[in-house]
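Student: Dumping the structure here so I can ask a few things about it.
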Amino acid sequence: MMTIKHEVVIKNHRSNYPNPITLVEGQRVRIGELYDGPENWKNWRYCYTLDEQLEGWIPNECLSTER
């Protein structure tokens, strides 16, 4: 069985993309991969809202692991 890790948003974040993921403090998200590419976005994670209606890259500093 796969364990799903959840994170809690600790700072508001708004993307510059046309259909961005929009998050608010306290919201729970499902996290995906850590960015590893040529743009050098250190510590960015791909996240999904729990209803999977929105997804996108979020800076790690906006997230806190909830255990």
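How things are named: the first chain in the structure tokens is A, the next is B, and so on; residues count from 1 in each chain; ligands count from 1 in the order shown.
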Write out as a list in words each polymer residue whose atoms come within 8 Å of segment 56-64 of chain A, counting only C-alpha atoms; drop sequence neighbours fewer than 6 positions from it.
Tutor: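 Close residues of segment 56-64 of chain A: Glu7, Val8, Val9, Ile10, Lys11, Asn12, His13, Pro20, Ile21, Asn43, Trp44, Arg45, Tyr46, Cys47 and Tyr48 of chain A.
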Student: Can you tell me, as a PyMOL selection string, which residues in chain A count as strand (DSSP E or B) by DSSP?
Tutor: chain A and resi 6-9+13+23+28-34+44-49+55-59+63-65
Student: Grab the residues selected above and save them as a PDB file, in the first residue's frame with C-alpha atoms.
Tutor:
ATOM      1  CA  HIS A   6       0.135  15.565   3.129  1.00  0.00           C
ATOM      2  CA  GLU A   7       1.424  19.063   3.750  1.00  0.00           C
ATOM      3  CA  VAL A   8      -0.167  22.140   5.337  1.00  0.00           C
ATOM      4  CA  VAL A   9       0.128  25.557   3.672  1.00  0.00           C
ATOM      5  CA  HIS A  13       0.786  31.737  -2.602  1.00  0.00           C
ATOM      6  CA  LEU A  23      -3.726  28.079  -1.750  1.00  0.00           C
ATOM      7  CA  ARG A  28      -4.071  20.670   3.135  1.00  0.00           C
ATOM      8  CA  VAL A  29      -2.497  19.572  -0.146  1.00  0.00           C
ATOM      9  CA  ARG A  30      -1.111  16.368  -1.628  1.00  0.00           C
ATOM     10  CA  ILE A  31       2.519  16.778  -2.595  1.00  0.00           C
ATOM     11  CA  GLY A  32       4.321  15.324  -5.557  1.00  0.00           C
ATOM     12  CA  GLU A  33       7.808  15.557  -6.940  1.00  0.00           C
ATOM     13  CA  LEU A  34      10.525  18.000  -5.941  1.00  0.00           C
ATOM     14  CA  TRP A  44       9.735  23.764  -5.293  1.00  0.00           C
ATOM     15  CA  ARG A  45       7.207  20.901  -5.072  1.00  0.00           C
ATOM     16  CA  TYR A  46       4.410  19.917  -7.402  1.00  0.00           C
ATOM     17  CA  CYS A  47       1.197  19.948  -5.333  1.00  0.00           C
ATOM     18  CA  TYR A  48      -2.448  18.998  -5.824  1.00  0.00           C
ATOM     19  CA  THR A  49      -5.524  20.208  -3.967  1.00  0.00           C
ATOM     20  CA  GLU A  55      -2.331  21.513  -9.291  1.00  0.00           C
ATOM     21  CA  GLY A  56       0.964  23.314  -9.725  1.00  0.00           C
ATOM     22  CA  TRP A  57       4.408  24.176  -8.403  1.00  0.00           C
ATOM     23  CA  ILE A  58       4.613  25.559  -4.840  1.00  0.00           C
ATOM     24  CA  PRO A  59       7.728  26.855  -3.049  1.00  0.00           C
ATOM     25  CA  LEU A  63       4.604  24.147   3.203  1.00  0.00           C
ATOM     26  CA  SER A  64       4.959  22.421   6.538  1.00  0.00           C
ATOM     27  CA  THR A  65       4.886  18.661   6.997  1.00  0.00           C
TER      28      THR A  65
END
Student: Using Å and a single decimal, report how far atom CA of Asn19 of chain A sits from atom CA of Leu54 of chain A.
Tutor: 8.1 Å
